[in-house]
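Notes for the one structure printed next.
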Amino acid sequence: MSSAESVYGGFDTDVTIVGGGLNGLSMALALASADFKVALVDALDPQEALAAGIDGRVFAIAFASCRMFEALGLWDALKADAQPINDIMVTDGTVRGGASPLFLHFDHREIGDEPLGHLMESGHMRRVLTKAVMAAPNIDFRAPAKVVDQASDAYGFTVTLEDGATIRAPVALASDGRGSRLRKWAGIKTVGWSYDQIGIVTTVEHEDDHEGIAQEFFLPSGPFAILPMTGRRASLVWTEKTRAAKAILALSPERFMEELRARFGDYLGAIKTAGPVWSYPLDLKLARDYIAPRLALIGDAAHGIHPIAGQGLNMGLRDVAMMAQVLTDAARLGEDIGSALVLERYQLARRFDNTFNSLAMDGLNRLFSNDIAPVRLARDLGLGLVNRFGPARRFFMRQAGGDVGDLPRLLKGEGL
Amino acid sequence: MSAVGNNSVEEQKTAGPDAPVDASVDLSVDLAEVEKFSKMAAEWWDPHGNFKPLHQLNPVRMTFIRDLVFKHYNLSARDGFRSASALSGLRILDIGCGGGLLTEPMTRLGGDVTGSDVSEKNIKTASVHAEEQGLTIDYRVATAEELAREVARNAKSEVGALYDVITSMEVIEHVADIDAFMEAAASLLKPGGIMLLATLNRTLKSYALAIIGAEYILNWLPHHTHDWNRFLTPKELAALVQRHGLTPGEAVGVTLNPLRGEWRVSKDVAVNYMLSATKG
C-alpha cells in the first residue's frame, strides 16, 4: 500500500486504531511496517508519555514478543533497558514460614540459549514505542485526542474526535483497554469476575546480584513475584486480598517496608525502597466476541486477565502480530480488509488461545491463593512432579515464552 | 460463477449471440432500481449469505491468479510488495464476473479491470457495489463472443485493445458452446498474455460432492446449478485451450477442508481445479 494514499477509495486512512497504550502503539508500528496508512488516536499527551514515571508496572516480555520487536526494528532501543530472565523459580510458601522444600525451577538453558524473556518497565517501553510512532511517516498520530462518537456502515468505520475532526477507514481496531468504549458501543458482552485482590507494585534496590532469576512465591493471599530489573533492582508484584491490601497501602513507609521484607526474605541481602508504590485492582474480563462490523478488539479490550504469570501484555502482543498478518495478507490479495470474512480470520486465530490462557491463569490463581492444607500439599506435590518431569517443564516454559502453536510471522521474528 | 449459474445459463440462451452490446449501464436512471441492486449487492457480498461458498473459495482463487500473473510478468516477489500497485499497468478482463468477487480485489491490487457477465442483474449489482466504495471498474453486460466482436470491430481504437490477463472462474461449466466461448476468449487475449480458468472436473467424486452434496444435501447452491454432463476434465480443458492457440499449464486442484471451511490448493483435481494458459 502506498503511504501517500489509501487504496480503499473515499477513506482518510487504511486502519484507525483507538487507544495508544503498548498494544495500540505496537499495532500501529506493525501495520506501518507493512506499508499501511494508519491513524492512531490516544487520549494521553505524547509529552507525558515521553516523561518518566507514568506507570509503575514492569512487564515480562516473552521471548516470542521480543522477536516481534526485533522484526519491527525496535528491539535495540528496547533492549537498552531490559533485564534478561534466565531462570524462573516458583515456590510455595507462607509469610515468614519461608519457601516449602518442593519447588519448580525453569532454566532457560533447557530449551536453548535464549533467555526466557525480558523484563522491561512499562514507562521505558512506552517511551521507545511513542518515539517510533512519532517518527513513522505513515502513522497519523492524533494525541492528545479523545473519541467522542463512532459509527460503522457497509464499507467503513468513522470516529469523531473532540475537536470535530472525523477519521474514516475500512476498519477500526479498539485497543482502548479493559473499559473499552468501542467494545461497549458495539454491544459486545463480557464475562468475568473480580478477584477481590489488589496488585501492589513497587521497585526495590537490593545488595546482591539477582542473576536474572525471577521468583514467584505462592503465598496464601496471592502470588508474590520478584522480577529482576536492570542494575541491582527488582520489581515486586505483591497480590493481597482487597481488605489486607488497603491496610498495607495505608501503612507508614517504614511499616510498609517491614511487611515487604517479611515476604521478600533476605536472599538478595538488604533491600530498600527505590520508587513509588502503585496499586491495581485485579479482575478478569473476557469479551465474548472480538469483532463487530468494521471493528476488532485487541489487547485488554478483548481480554483483561489476572497478572499471575505475566501473560496479559504478551497475549495482547500476540493479537497485534496476528492482526497485522491477517490484514497484510488480505491487502495483498486485494481483499476488503474490514470485511467480516477477513476479521473472522483474526477472531478464529486469537479467541480460543486467549480464553484458554485467561482461564489457565485464573485457575493458577485460585489454586495458589488459599491456605487450605490438602490443597497446599497437592500443589506442592504438583510443583515437585512438574519439576521432575522434563517434558512438562519444557512445555510450561515454551508456553510462558509464547513459543507455541501456529505462530504468526512476526512472532517468529520474520517481517510481514 | 457457479452460484448464479441458473441465471447465466438461461440468459445466455435467450440473449443469443447477436444481442446488442449494452456497454453503458446507466445507473443514474432510477433511484429505486439503484436501491434494489444495492440490496442485492449486500446479499452477494454477505460472507454468510447465499454466496458463502464463493467467498470461501475466493482467497484461493485470488492467490492463484496473483501468483501466476506475478510469475508470468516477472512482477514483484510474493512477499513485501506494495498492494496498491501490484497489478498496475495490466489490462484485465474477468468473464462471468457475477457480483464482482474477483474484479474488486484485482482493482485494489492496481489492475485496470473490466468485468463482463451475461446477467444484467449481476452487472448492476456489481456496479453499485464498486461505486459505493469508489472503485473504478468497467462493467459490461455481454457474452465473450459479443466482447470479441466489439473488440474486432474497433481494432484500431482504444476500445479495441486486447487484455494482458483474462480470468474466467466457475463459468465454462455453464457455457453451451465451449468452442465458441474459448475462441472468443482467446481472441481477446494479447499475444504473450495469460488466461486463468477454474471449473469442476467430471468424476464420480465431483458428482457426489458438487451435485448431490453441495446442491441437495448442504443446500449451498440452488438445485440444477450444475449440469454434471457439461463438466470438463483437466485434459479436455487443456485440449480446448490448445485448439484455440493457447498453451495450457499444469492443472491445480482445489480442495475443501470441511472442518475449517477452508479451501486449499492441492494435487487432487478430482472436483475443483484451476488451469492457466498462455498465448504465443
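In the C-alpha cells, chains take letters A, B, ... by order of appearance, with residues numbered from 1 within each chain and ligands from 1 in the order shown.
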(message) Taking 4 positions as the minimum chain separation for residues in the same chain, which residues sit within 10 Å of B:Leu87 when counting only C-alpha atoms? Answer as a ChimeraX atom specification.
(response) /B:66,69-70,73,75-76,82-83,91-92,106-112
If you keep C-alpha atoms, can you produce a file of those selected residues as a PDB file, in the first residue's frame?
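Result file part-v8.pdb:
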```
ATOM      1  CA  ARG B  66      -1.970 -13.181  -8.339  1.00  0.00           C
ATOM      2  CA  VAL B  69       0.312 -13.268 -13.042  1.00  0.00           C
ATOM      3  CA  PHE B  70       3.323 -12.222 -10.956  1.00  0.00           C
ATOM      4  CA  TYR B  73       5.004 -10.944 -15.966  1.00  0.00           C
ATOM      5  CA  LEU B  75       6.440  -8.835 -11.119  1.00  0.00           C
ATOM      6  CA  SER B  76       7.487  -8.258  -7.515  1.00  0.00           C
ATOM      7  CA  ARG B  82       3.016  -2.765  -2.346  1.00  0.00           C
ATOM      8  CA  SER B  83      -0.559  -3.939  -2.657  1.00  0.00           C
ATOM      9  CA  ARG B  91      -5.462  -4.691 -18.578  1.00  0.00           C
ATOM     10  CA  ILE B  92      -7.537  -7.463 -17.035  1.00  0.00           C
ATOM     11  CA  MET B 106      -7.889  -7.188  -8.820  1.00  0.00           C
ATOM     12  CA  THR B 107      -8.779  -3.484  -8.964  1.00  0.00           C
ATOM     13  CA  ARG B 108      -7.489  -2.893  -5.434  1.00  0.00           C
ATOM     14  CA  LEU B 109      -4.226  -4.504  -6.498  1.00  0.00           C
ATOM     15  CA  GLY B 110      -3.912  -1.799  -9.130  1.00  0.00           C
ATOM     16  CA  GLY B 111      -5.208  -3.618 -12.227  1.00  0.00           C
ATOM     17  CA  ASP B 112      -7.183  -1.865 -14.983  1.00  0.00           C
TER      18      ASP B 112
END
```
(message) I need the residues of stretch 222-310 of chain A that end up classed as strand (DSSP E or B) by DSSP on the backbone, written out as JSON, numbers by chain.
(response) {"A": [222, 223, 224, 225, 226, 227, 228, 229, 233, 234, 235, 236, 237, 238, 239, 240, 241, 271, 272, 273, 278, 279, 280, 281, 282, 283, 284, 285, 286, 287, 291, 292, 295, 296, 297, 303, 304]}
(request) For chain A, list the residues within 12 Å of chain B, counting only C-alpha atoms, and write the list as an MDAnalysis selection string. (result) chainID A and resid 1:11 14 33:37 153:156 169:170 293 325 327:337 339:345 348:349 409 414:416
(request) For each of B:Ala239, B:Val171, B:Ala155, B:Ala142, take the minimum atom-to-atom distance to B:Thr225, counting only C-alpha atoms, then give the residue where this is smallest. (result) B:Val171
(message) Report, in Å with one decimal, the straight-line distance from atom CA of B:Leu232 to atom CA of B:Arg140.
(response) 26.6 Å
(message) Set the distance at 8 Å and use only C-alpha atoms: which residues neighbour A:Glu207 once local chain neighbours fewer than 5 positions away are removed? I'd like the list as a count of residues only.
(response) 5
(request) Give me, please, the distance in Å between atom CA of B:Ala186 and atom CA of B:His244, quoted to one decimal. (result)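 So the two atoms, atom CA of B:Ala186 and atom CA of B:His244, lie 6.5 Å apart.
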(request) Skip A:Ile17 itself and residues of its chain fewer than 5 positions away, then list as a list in words all residues within 10 Å of it, counting only C-alpha atoms. (result) Gly24, Leu25, Met27, Ala28, Val38, Ala39, Leu40, Val41, Asp42, Phe141, Val159, Ala169, Val171, Ala172, Leu173, Ala174, Ser175, Asp176, Leu295, Ala296, Leu297 and Ile298 of chain A
Residues near B:Leu204, cut-off 10 Å, only C-alpha atoms, skip fewer than 6 positions along chain, as a PDB file with C-alpha atoms, in the first residue's frame:
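Full text of result_27.pdb as output:
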```
ATOM      1  CA  ALA B 210     -20.799 -30.837  -6.279  1.00  0.00           C
ATOM      2  CA  TRP B 228     -22.564 -32.653 -14.418  1.00  0.00           C
ATOM      3  CA  ALA B 270     -10.978 -34.665  -8.907  1.00  0.00           C
ATOM      4  CA  VAL B 271     -13.514 -31.949  -8.067  1.00  0.00           C
TER       5      VAL B 271
END
```
Residues near B:Glu183, cut-off 10 Å, only C-alpha atoms, skip fewer than 2 positions along chain, as a PDB file with C-alpha atoms, in the first residue's frame:
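Listed below is the output, out-v7.pdb:
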```pdb
ATOM      1  CA  ALA B 144     -17.480 -13.379 -24.511  1.00  0.00           C
ATOM      2  CA  GLU B 145     -18.486 -13.569 -28.191  1.00  0.00           C
ATOM      3  CA  ALA B 148     -14.772 -10.295 -29.076  1.00  0.00           C
ATOM      4  CA  ILE B 178     -17.444 -24.169 -25.270  1.00  0.00           C
ATOM      5  CA  ASP B 179     -15.544 -23.833 -28.572  1.00  0.00           C
ATOM      6  CA  ALA B 180     -17.300 -20.592 -29.495  1.00  0.00           C
ATOM      7  CA  PHE B 181     -16.638 -19.340 -25.958  1.00  0.00           C
ATOM      8  CA  ALA B 185     -11.902 -15.509 -25.093  1.00  0.00           C
ATOM      9  CA  ALA B 186      -8.598 -16.423 -26.749  1.00  0.00           C
ATOM     10  CA  SER B 187      -9.066 -13.699 -29.364  1.00  0.00           C
ATOM     11  CA  LEU B 188      -9.415 -11.117 -26.568  1.00  0.00           C
ATOM     12  CA  LEU B 240      -9.875 -26.943 -25.620  1.00  0.00           C
ATOM     13  CA  VAL B 241      -7.462 -24.077 -24.951  1.00  0.00           C
ATOM     14  CA  ARG B 243      -7.469 -25.850 -30.098  1.00  0.00           C
ATOM     15  CA  HIS B 244      -7.694 -22.083 -29.822  1.00  0.00           C
ATOM     16  CA  GLY B 245      -3.996 -21.337 -29.918  1.00  0.00           C
TER      17      GLY B 245
END
```
(request) Name all residues at most 12 Å from A:Ser122 (count only C-alpha atoms; drop same-chain ones fewer than 2 positions away) and give them as a PyMOL selection string. (result) chain A and resi 21-23+49-50+52-61+78+81-82+119-120+124-130+229+235+313
(request) From stretch 11-228 of chain B, collect each residue whose DSSP state is helix (DSSP H, G or I) and return the set as number ranges by chain. (result) B: 11-15, 31-44, 52-72, 83-85, 103-108, 120-132, 144-153, 158-160, 172-174, 178-188, 204-217, 228
(message) If I take atom CA of B:Leu93 and atom CA of B:Ile137, how far is one from the other in Å, to one decimal?
(response) 10.3 Å
